[in-house]
Amino acid sequence: MKLRMIPLALGLCAALAGTMAHAAEVQVAVAANFTAPMKAIADAFQKKTGDTVVAAYGATGQFYAQIKNGAPFEVFLAADDSTPARLDQEKSTVPGTRFTYAIGALALWSAREGYVDKDGKVLKQGGFAHLSIANPKAAPYGLAAIQTLEKLGLLETLRPRIVEGQNISQAQQFVASGNAELGFVALSQVYKDGKLTGGSAWVVPESLHEPIRQDAVILAKGKDNPAARAFVDFLKGPEAEKIILSFGYKR
C-alpha cells in the first residue's frame with residue numbers, strides 16, 4: 001500500500017513545482033477609484049492563470065509622475081483616457097495596447113442615511129461645513145466634481161467648504177470618518193451589485209461633467225512580461241467585465 005502511494009505523492013509534488021515555476025507577477029498601477037473591482041479581478045485572474053497581480057493604488061496624476069521617473073509598473077489602469085494617451089505619445093508604452101476598460105460614474109455621498117437626496121439638492125441647501133473632493137489636478141474624479149459644481153453654479157459659493165483628498169480614496173475616507181458631511185466620490189466606492197453599501201447618495205448625471213473614460217495600457221517596462229499581456233487580455237474578457245459592471249461602471 002505504501003509503495004503505491006509514493007509515485008502518486010511524487011507526481012503531485014512535480015505538478016505543484018511545475019505550476020510554481022510557471023507562475024509570474026505583473027506590477028500594476030491602479031487608479032484609486034478602481035480599488036475594490038481591481039482586488040476582485042486580481043483574485044479571479046490568479047485563480048485562472050496562477051499569475052499574481054502586485055497592485056499599487058493612487059491618483060492618476062501622481063502615477064504619471066512616478067512612471068516618468070522610472071517606477072517599475074508594467075500595466076497602468078488610469079482614471080482618465082488622456083494620461084495613457086500622453087504616455088503613448090511619449091513612447092512610454094507598448095504601442096497598440098491602450099483601451100478603455102471602464103467608464104466611471106461620479107456620486108455625491110454621505111455616510112449618513114437620508115442625508116443626500118436623490119436629486120442632490122443638499123448642495124444648494126448648504127447645511128454642511130465640509131464638502132470632500134479629490135485633488136482635481138491629480139484625480140479625474142476630482143476634476144469631474146469641480147465641473148459639476150461649475151455647471152450647477154455653486155463652485156464659488158461652496159469653494160470655502162471644499163476639502164481635498166490626495167486621491168479619491170482619501171476623499172471618500174474624509175466622508176466615511178465624519179470629517180466631511182458629504183463629498184464627491186466614485187460610485188464604485190459606495191456601490192455593489194445594484195445597491196449602495198451604506199449611507200445616502202446622488203448619482204451625478206453624466207451631462208454635468210466630462211465623461212470619465214478610464215483607459216488601461218501596457219507600459220514599456222511590461223513589454224517582455226507575458227503576465228502583463230495575459231492580465232490585459234483577462235481585463236478585456238467577460239469575467240472581468242461582470243465584476244466591473246457590478247460596481248456601477250459602464251463599458
# chains A, B, ... in the order shown; residues from 1 in each chain; ligands from 1
>>> select_by_dssp(residues="region 19-175 of chain A", states="strand (DSSP E or B)", output="JSON, numbers by chain")
{"A": [25, 26, 27, 28, 29, 30, 31, 52, 53, 54, 55, 56, 57, 58, 75, 76, 77, 93, 99, 100, 101, 102, 103, 104, 106, 107, 108, 109, 110, 131, 132, 133, 134, 162, 163, 164, 165]}
>>> residues_around(residues="region 156-167 of chain A", least_positions_apart="5", cutoff="10 Å", atoms="only C-alpha atoms", output="ChimeraX atom specification")
/A:31-33,57-62,123-124,126,128-142,146,149-150,172-174,179-180,183,185
>>> atom_distance(atom1="CA of Asp119 (chain A)", atom2="CA of Ile244 (chain A)")
25.1 Å
>>> closest_residue(among="A:Ala36, A:Val94, A:Val116, A:Ala56", to="Arg229 (chain A)", atoms="only C-alpha atoms")
A:Val94
>>> residues_around(residues="region 109-112 of chain A", least_positions_apart="6", cutoff="6 Å", atoms="only C-alpha atoms", output="PyMOL selection string")
chain A and resi 176+182-183+199-201
>>> closest_residue(among="A:Ala216, A:Leu108, A:Ala145, A:Val175", to="Gly96 (chain A)", atoms="only C-alpha atoms")
A:Ala216
>>> select_by_dssp(residues="region 61-157 of chain A", states="helix (DSSP H, G or I)", output="MDAnalysis selection string")
chainID A and resid 61:68 82:89 122:125 140:151 155:157
>>> write_last_selection(atoms="C-alpha atoms", output="compact mmCIF listing (two decimals), in the first residue's frame")
# COMPACT_ATOMS: atom_id res chain seq x y z
CA GLY A 61 -1.54 62.26 -11.98
CA GLN A 62 0.80 61.01 -9.29
CA PHE A 63 1.25 57.70 -11.10
CA TYR A 64 2.14 59.56 -14.28
CA ALA A 65 4.98 61.32 -12.48
CA GLN A 66 6.18 58.05 -10.94
CA ILE A 67 6.13 56.25 -14.30
CA LYS A 68 8.15 59.04 -15.92
CA SER A 82 -5.75 61.48 -21.53
CA THR A 83 -2.92 60.29 -19.27
CA PRO A 84 -2.41 56.91 -21.02
CA ALA A 85 -2.68 58.74 -24.38
CA ARG A 86 0.05 61.14 -23.25
CA LEU A 87 2.26 58.22 -22.23
CA ASP A 88 1.60 56.71 -25.66
CA GLN A 89 2.78 59.90 -27.36
CA VAL A 122 -28.49 69.20 -0.43
CA LEU A 123 -25.71 71.10 -2.24
CA LYS A 124 -27.95 74.14 -2.72
CA GLN A 125 -29.42 73.93 0.77
CA PRO A 140 -10.07 62.89 -12.75
CA TYR A 141 -12.96 62.32 -10.32
CA GLY A 142 -11.91 65.49 -8.51
CA LEU A 143 -11.95 67.36 -11.82
CA ALA A 144 -15.41 65.95 -12.56
CA ALA A 145 -16.57 67.22 -9.16
CA ILE A 146 -15.34 70.74 -9.96
CA GLN A 147 -17.03 70.61 -13.38
CA THR A 148 -20.28 69.55 -11.70
CA LEU A 149 -20.18 72.41 -9.22
CA GLU A 150 -19.45 74.84 -12.05
CA LYS A 151 -22.39 73.55 -14.11
CA LEU A 155 -18.45 76.44 -7.20
CA GLU A 156 -17.68 79.90 -5.84
CA THR A 157 -20.33 79.62 -3.11
>>> residues_around(residues="Gly50 (chain A)", least_positions_apart="3", cutoff="7 Å", atoms="only C-alpha atoms", output="list in words")
Ala23, Gln46 and Lys47 of chain A
>>> write_last_selection(atoms="all heavy atoms", output="mmCIF file, in the first residue's frame")
data_model
loop_
_atom_site.group_PDB
_atom_site.id
_atom_site.type_symbol
_atom_site.label_atom_id
_atom_site.label_comp_id
_atom_site.auth_asym_id
_atom_site.auth_seq_id
_atom_site.Cartn_x
_atom_site.Cartn_y
_atom_site.Cartn_z
ATOM 1 N N ALA A 23 4.371 30.296 -12.650
ATOM 2 C CA ALA A 23 3.674 31.455 -12.100
ATOM 3 C C ALA A 23 4.541 32.699 -12.248
ATOM 4 O O ALA A 23 5.766 32.634 -12.147
ATOM 5 C CB ALA A 23 3.340 31.217 -10.629
ATOM 6 N N GLN A 46 -5.681 35.429 -10.773
ATOM 7 C CA GLN A 46 -4.733 34.497 -10.169
ATOM 8 C C GLN A 46 -5.287 33.070 -10.137
ATOM 9 O O GLN A 46 -4.562 32.106 -10.403
ATOM 10 C CB GLN A 46 -4.361 34.941 -8.755
ATOM 11 C CG GLN A 46 -3.294 34.062 -8.105
ATOM 12 C CD GLN A 46 -2.779 34.625 -6.802
ATOM 13 O OE1 GLN A 46 -3.367 35.530 -6.230
ATOM 14 N NE2 GLN A 46 -1.667 34.103 -6.322
ATOM 15 N N LYS A 47 -6.571 32.955 -9.828
ATOM 16 C CA LYS A 47 -7.184 31.630 -9.791
ATOM 17 C C LYS A 47 -7.182 30.983 -11.173
ATOM 18 O O LYS A 47 -7.039 29.766 -11.301
ATOM 19 C CB LYS A 47 -8.611 31.733 -9.257
ATOM 20 C CG LYS A 47 -8.694 32.010 -7.762
ATOM 21 C CD LYS A 47 -10.131 32.167 -7.301
ATOM 22 C CE LYS A 47 -10.201 32.450 -5.805
ATOM 23 N NZ LYS A 47 -11.598 32.706 -5.344
#
>>> residues_around(residues="Ile212 (chain A)", least_positions_apart="2", cutoff="9 Å", atoms="only C-alpha atoms", output="ChimeraX atom specification")
/A:79-81,102-106,140-141,144,206,209-210,214
>>> write_last_selection(atoms="all heavy atoms", output="tab-separated table (two decimals), in the first residue's frame")
chain	number	residue	atom	x	y	z
A	79	ALA	N	-7.51	56.68	-14.36
A	79	ALA	CA	-8.88	57.14	-14.13
A	79	ALA	C	-9.35	58.07	-15.24
A	79	ALA	O	-10.43	58.67	-15.14
A	79	ALA	CB	-8.98	57.85	-12.78
A	80	ASP	N	-8.53	58.20	-16.29
A	80	ASP	CA	-8.92	59.02	-17.44
A	80	ASP	C	-8.37	58.36	-18.71
A	80	ASP	O	-7.76	57.29	-18.65
A	80	ASP	CB	-8.41	60.46	-17.29
A	80	ASP	CG	-6.88	60.54	-17.21
A	80	ASP	OD1	-6.19	59.52	-17.48
A	80	ASP	OD2	-6.36	61.61	-16.88
A	81	ASP	N	-8.61	58.98	-19.84
A	81	ASP	CA	-8.04	58.47	-21.08
A	81	ASP	C	-6.89	59.34	-21.57
A	81	ASP	O	-6.09	58.91	-22.40
A	81	ASP	CB	-9.11	58.33	-22.17
A	81	ASP	CG	-9.86	59.63	-22.44
A	81	ASP	OD1	-9.58	60.64	-21.76
A	81	ASP	OD2	-10.74	59.64	-23.32
A	102	ALA	N	-13.17	50.84	-18.52
A	102	ALA	CA	-14.37	51.19	-17.74
A	102	ALA	C	-14.72	52.65	-17.98
A	102	ALA	O	-13.85	53.47	-18.28
A	102	ALA	CB	-14.14	50.95	-16.25
A	103	ILE	N	-16.00	52.95	-17.83
A	103	ILE	CA	-16.47	54.34	-17.84
A	103	ILE	C	-17.09	54.58	-16.47
A	103	ILE	O	-18.05	53.92	-16.08
A	103	ILE	CB	-17.49	54.60	-18.96
A	103	ILE	CG1	-16.83	54.33	-20.32
A	103	ILE	CG2	-18.03	56.03	-18.88
A	103	ILE	CD1	-17.79	54.38	-21.49
A	104	GLY	N	-16.50	55.52	-15.74
A	104	GLY	CA	-16.87	55.72	-14.34
A	104	GLY	C	-18.06	56.64	-14.13
A	104	GLY	O	-18.46	57.39	-15.02
A	105	ALA	N	-18.62	56.58	-12.94
A	105	ALA	CA	-19.73	57.44	-12.54
A	105	ALA	C	-19.35	58.18	-11.26
A	105	ALA	O	-18.71	57.61	-10.36
A	105	ALA	CB	-20.99	56.62	-12.31
A	106	LEU	N	-19.75	59.43	-11.19
A	106	LEU	CA	-19.49	60.27	-10.02
A	106	LEU	C	-20.73	60.28	-9.13
A	106	LEU	O	-21.86	60.30	-9.62
A	106	LEU	CB	-19.17	61.70	-10.48
A	106	LEU	CG	-18.81	62.73	-9.41
A	106	LEU	CD1	-17.44	62.41	-8.81
A	106	LEU	CD2	-18.81	64.14	-10.03
A	140	PRO	N	-8.97	62.55	-11.85
A	140	PRO	CA	-10.07	62.89	-12.75
A	140	PRO	C	-11.43	63.00	-12.07
A	140	PRO	O	-12.27	63.79	-12.50
A	140	PRO	CB	-10.03	61.75	-13.77
A	140	PRO	CG	-8.59	61.36	-13.81
A	140	PRO	CD	-8.13	61.46	-12.38
A	141	TYR	N	-11.67	62.21	-11.01
A	141	TYR	CA	-12.96	62.32	-10.32
A	141	TYR	C	-13.05	63.66	-9.57
A	141	TYR	O	-14.14	64.20	-9.38
A	141	TYR	CB	-13.15	61.14	-9.36
A	141	TYR	CG	-13.61	59.88	-10.06
A	141	TYR	CD1	-12.69	59.04	-10.69
A	141	TYR	CD2	-14.95	59.52	-10.11
A	141	TYR	CE1	-13.10	57.89	-11.34
A	141	TYR	CE2	-15.37	58.36	-10.76
A	141	TYR	CZ	-14.43	57.56	-11.37
A	141	TYR	OH	-14.84	56.41	-12.03
A	144	ALA	N	-13.99	66.10	-12.25
A	144	ALA	CA	-15.41	65.95	-12.56
A	144	ALA	C	-16.27	66.61	-11.49
A	144	ALA	O	-17.33	67.19	-11.80
A	144	ALA	CB	-15.77	64.47	-12.68
A	206	GLU	N	-24.45	62.38	-16.09
A	206	GLU	CA	-23.26	62.48	-16.95
A	206	GLU	C	-23.18	63.83	-17.66
A	206	GLU	O	-22.09	64.26	-18.04
A	206	GLU	CB	-23.27	61.35	-17.97
A	206	GLU	CG	-23.13	59.97	-17.35
A	206	GLU	CD	-23.23	58.85	-18.37
A	206	GLU	OE1	-23.43	59.16	-19.57
A	206	GLU	OE2	-23.10	57.68	-17.98
A	209	HIS	N	-20.66	66.72	-16.24
A	209	HIS	CA	-19.20	66.68	-16.29
A	209	HIS	C	-18.75	65.90	-17.53
A	209	HIS	O	-19.55	65.20	-18.16
A	209	HIS	CB	-18.62	66.02	-15.03
A	209	HIS	CG	-19.10	64.62	-14.79
A	209	HIS	ND1	-18.58	63.52	-15.46
A	209	HIS	CD2	-20.06	64.12	-13.96
A	209	HIS	CE1	-19.19	62.43	-15.06
A	209	HIS	NE2	-20.10	62.75	-14.15
A	210	GLU	N	-17.48	66.04	-17.86
A	210	GLU	CA	-16.94	65.31	-18.99
A	210	GLU	C	-16.96	63.81	-18.68
A	210	GLU	O	-16.85	63.41	-17.52
A	210	GLU	CB	-15.50	65.76	-19.27
A	210	GLU	CG	-15.41	67.20	-19.76
A	210	GLU	CD	-13.97	67.64	-19.96
A	210	GLU	OE1	-13.06	66.79	-19.80
A	210	GLU	OE2	-13.76	68.83	-20.26
A	214	GLN	N	-12.00	55.63	-18.59
A	214	GLN	CA	-10.80	55.13	-17.95
A	214	GLN	C	-10.06	54.15	-18.85
A	214	GLN	O	-10.60	53.10	-19.22
A	214	GLN	CB	-11.16	54.48	-16.60
A	214	GLN	CG	-11.89	55.46	-15.68
A	214	GLN	CD	-12.06	54.95	-14.26
A	214	GLN	OE1	-12.85	55.48	-13.50
A	214	GLN	NE2	-11.32	53.93	-13.86
>>> residues_around(residues="Phe231 (chain A)", least_positions_apart="2", cutoff="9 Å", atoms="only C-alpha atoms", output="PDB file with C-alpha atoms, in the first residue's frame")
ATOM      1  CA  VAL A  26       2.741  41.719 -13.021  1.00  0.00           C
ATOM      2  CA  ALA A  42      -6.780  40.225  -9.471  1.00  0.00           C
ATOM      3  CA  PHE A  45      -7.001  36.323 -12.592  1.00  0.00           C
ATOM      4  CA  ASP A  51      -0.063  34.625 -12.032  1.00  0.00           C
ATOM      5  CA  VAL A  53      -1.041  40.951  -9.688  1.00  0.00           C
ATOM      6  CA  VAL A  75       0.483  47.986 -16.648  1.00  0.00           C
ATOM      7  CA  PRO A 226       3.830  37.610 -20.733  1.00  0.00           C
ATOM      8  CA  ALA A 227       1.882  38.054 -17.472  1.00  0.00           C
ATOM      9  CA  ALA A 228       1.296  41.714 -18.364  1.00  0.00           C
ATOM     10  CA  ARG A 229      -0.337  40.776 -21.651  1.00  0.00           C
ATOM     11  CA  ASP A 233      -6.429  40.127 -22.031  1.00  0.00           C
ATOM     12  CA  PHE A 234      -8.225  38.992 -18.869  1.00  0.00           C
ATOM     13  CA  LEU A 235      -9.282  42.581 -18.130  1.00  0.00           C
ATOM     14  CA  LYS A 236     -10.931  42.744 -21.557  1.00  0.00           C
TER      15      LYS A 236
END
>>> atom_distance(atom1="CA of Asp117 (chain A)", atom2="CA of Pro211 (chain A)")
23.0 Å
>>> decode(residues="region 227-246 of chain A", atoms="N, CA and C atoms", output="PDB file, in the first residue's frame")
ATOM      1  N   ALA A 227       2.947  37.883 -18.463  1.00  0.00           N
ATOM      2  CA  ALA A 227       1.882  38.054 -17.472  1.00  0.00           C
ATOM      3  C   ALA A 227       1.180  39.395 -17.642  1.00  0.00           C
ATOM      4  N   ALA A 228       1.904  40.405 -18.130  1.00  0.00           N
ATOM      5  CA  ALA A 228       1.296  41.714 -18.364  1.00  0.00           C
ATOM      6  C   ALA A 228       0.251  41.624 -19.472  1.00  0.00           C
ATOM      7  N   ARG A 229       0.619  40.949 -20.542  1.00  0.00           N
ATOM      8  CA  ARG A 229      -0.337  40.776 -21.651  1.00  0.00           C
ATOM      9  C   ARG A 229      -1.492  39.876 -21.235  1.00  0.00           C
ATOM     10  N   ALA A 230      -1.188  38.843 -20.470  1.00  0.00           N
ATOM     11  CA  ALA A 230      -2.244  37.940 -20.009  1.00  0.00           C
ATOM     12  C   ALA A 230      -3.244  38.690 -19.130  1.00  0.00           C
ATOM     13  N   PHE A 231      -2.735  39.572 -18.278  1.00  0.00           N
ATOM     14  CA  PHE A 231      -3.633  40.328 -17.412  1.00  0.00           C
ATOM     15  C   PHE A 231      -4.515  41.274 -18.223  1.00  0.00           C
ATOM     16  N   VAL A 232      -3.946  41.955 -19.191  1.00  0.00           N
ATOM     17  CA  VAL A 232      -4.726  42.866 -20.026  1.00  0.00           C
ATOM     18  C   VAL A 232      -5.791  42.101 -20.805  1.00  0.00           C
ATOM     19  N   ASP A 233      -5.440  40.948 -21.317  1.00  0.00           N
ATOM     20  CA  ASP A 233      -6.429  40.127 -22.031  1.00  0.00           C
ATOM     21  C   ASP A 233      -7.557  39.714 -21.088  1.00  0.00           C
ATOM     22  N   PHE A 234      -7.209  39.375 -19.854  1.00  0.00           N
ATOM     23  CA  PHE A 234      -8.225  38.992 -18.869  1.00  0.00           C
ATOM     24  C   PHE A 234      -9.123  40.185 -18.543  1.00  0.00           C
ATOM     25  N   LEU A 235      -8.521  41.367 -18.438  1.00  0.00           N
ATOM     26  CA  LEU A 235      -9.282  42.581 -18.130  1.00  0.00           C
ATOM     27  C   LEU A 235     -10.305  42.893 -19.219  1.00  0.00           C
ATOM     28  N   LYS A 236     -10.013  42.511 -20.442  1.00  0.00           N
ATOM     29  CA  LYS A 236     -10.931  42.744 -21.557  1.00  0.00           C
ATOM     30  C   LYS A 236     -12.050  41.707 -21.624  1.00  0.00           C
ATOM     31  N   GLY A 237     -11.896  40.604 -20.903  1.00  0.00           N
ATOM     32  CA  GLY A 237     -12.795  39.473 -21.042  1.00  0.00           C
ATOM     33  C   GLY A 237     -14.071  39.548 -20.220  1.00  0.00           C
ATOM     34  N   PRO A 238     -14.954  38.570 -20.402  1.00  0.00           N
ATOM     35  CA  PRO A 238     -16.277  38.577 -19.771  1.00  0.00           C
ATOM     36  C   PRO A 238     -16.249  38.443 -18.255  1.00  0.00           C
ATOM     37  N   GLU A 239     -15.288  37.705 -17.715  1.00  0.00           N
ATOM     38  CA  GLU A 239     -15.242  37.519 -16.262  1.00  0.00           C
ATOM     39  C   GLU A 239     -14.933  38.844 -15.563  1.00  0.00           C
ATOM     40  N   ALA A 240     -13.957  39.591 -16.111  1.00  0.00           N
ATOM     41  CA  ALA A 240     -13.631  40.901 -15.552  1.00  0.00           C
ATOM     42  C   ALA A 240     -14.767  41.891 -15.794  1.00  0.00           C
ATOM     43  N   GLU A 241     -15.381  41.819 -16.962  1.00  0.00           N
ATOM     44  CA  GLU A 241     -16.477  42.741 -17.275  1.00  0.00           C
ATOM     45  C   GLU A 241     -17.624  42.594 -16.277  1.00  0.00           C
ATOM     46  N   LYS A 242     -17.944  41.380 -15.910  1.00  0.00           N
ATOM     47  CA  LYS A 242     -19.018  41.147 -14.938  1.00  0.00           C
ATOM     48  C   LYS A 242     -18.706  41.834 -13.605  1.00  0.00           C
ATOM     49  N   ILE A 243     -17.464  41.737 -13.171  1.00  0.00           N
ATOM     50  CA  ILE A 243     -17.047  42.395 -11.922  1.00  0.00           C
ATOM     51  C   ILE A 243     -17.142  43.910 -12.070  1.00  0.00           C
ATOM     52  N   ILE A 244     -16.649  44.428 -13.176  1.00  0.00           N
ATOM     53  CA  ILE A 244     -16.638  45.880 -13.407  1.00  0.00           C
ATOM     54  C   ILE A 244     -18.061  46.442 -13.387  1.00  0.00           C
ATOM     55  N   LEU A 245     -18.974  45.794 -14.078  1.00  0.00           N
ATOM     56  CA  LEU A 245     -20.363  46.261 -14.126  1.00  0.00           C
ATOM     57  C   LEU A 245     -21.030  46.194 -12.750  1.00  0.00           C
ATOM     58  N   SER A 246     -20.645  45.229 -11.939  1.00  0.00           N
ATOM     59  CA  SER A 246     -21.266  45.072 -10.624  1.00  0.00           C
ATOM     60  C   SER A 246     -20.955  46.234  -9.688  1.00  0.00           C
TER      61      SER A 246
END
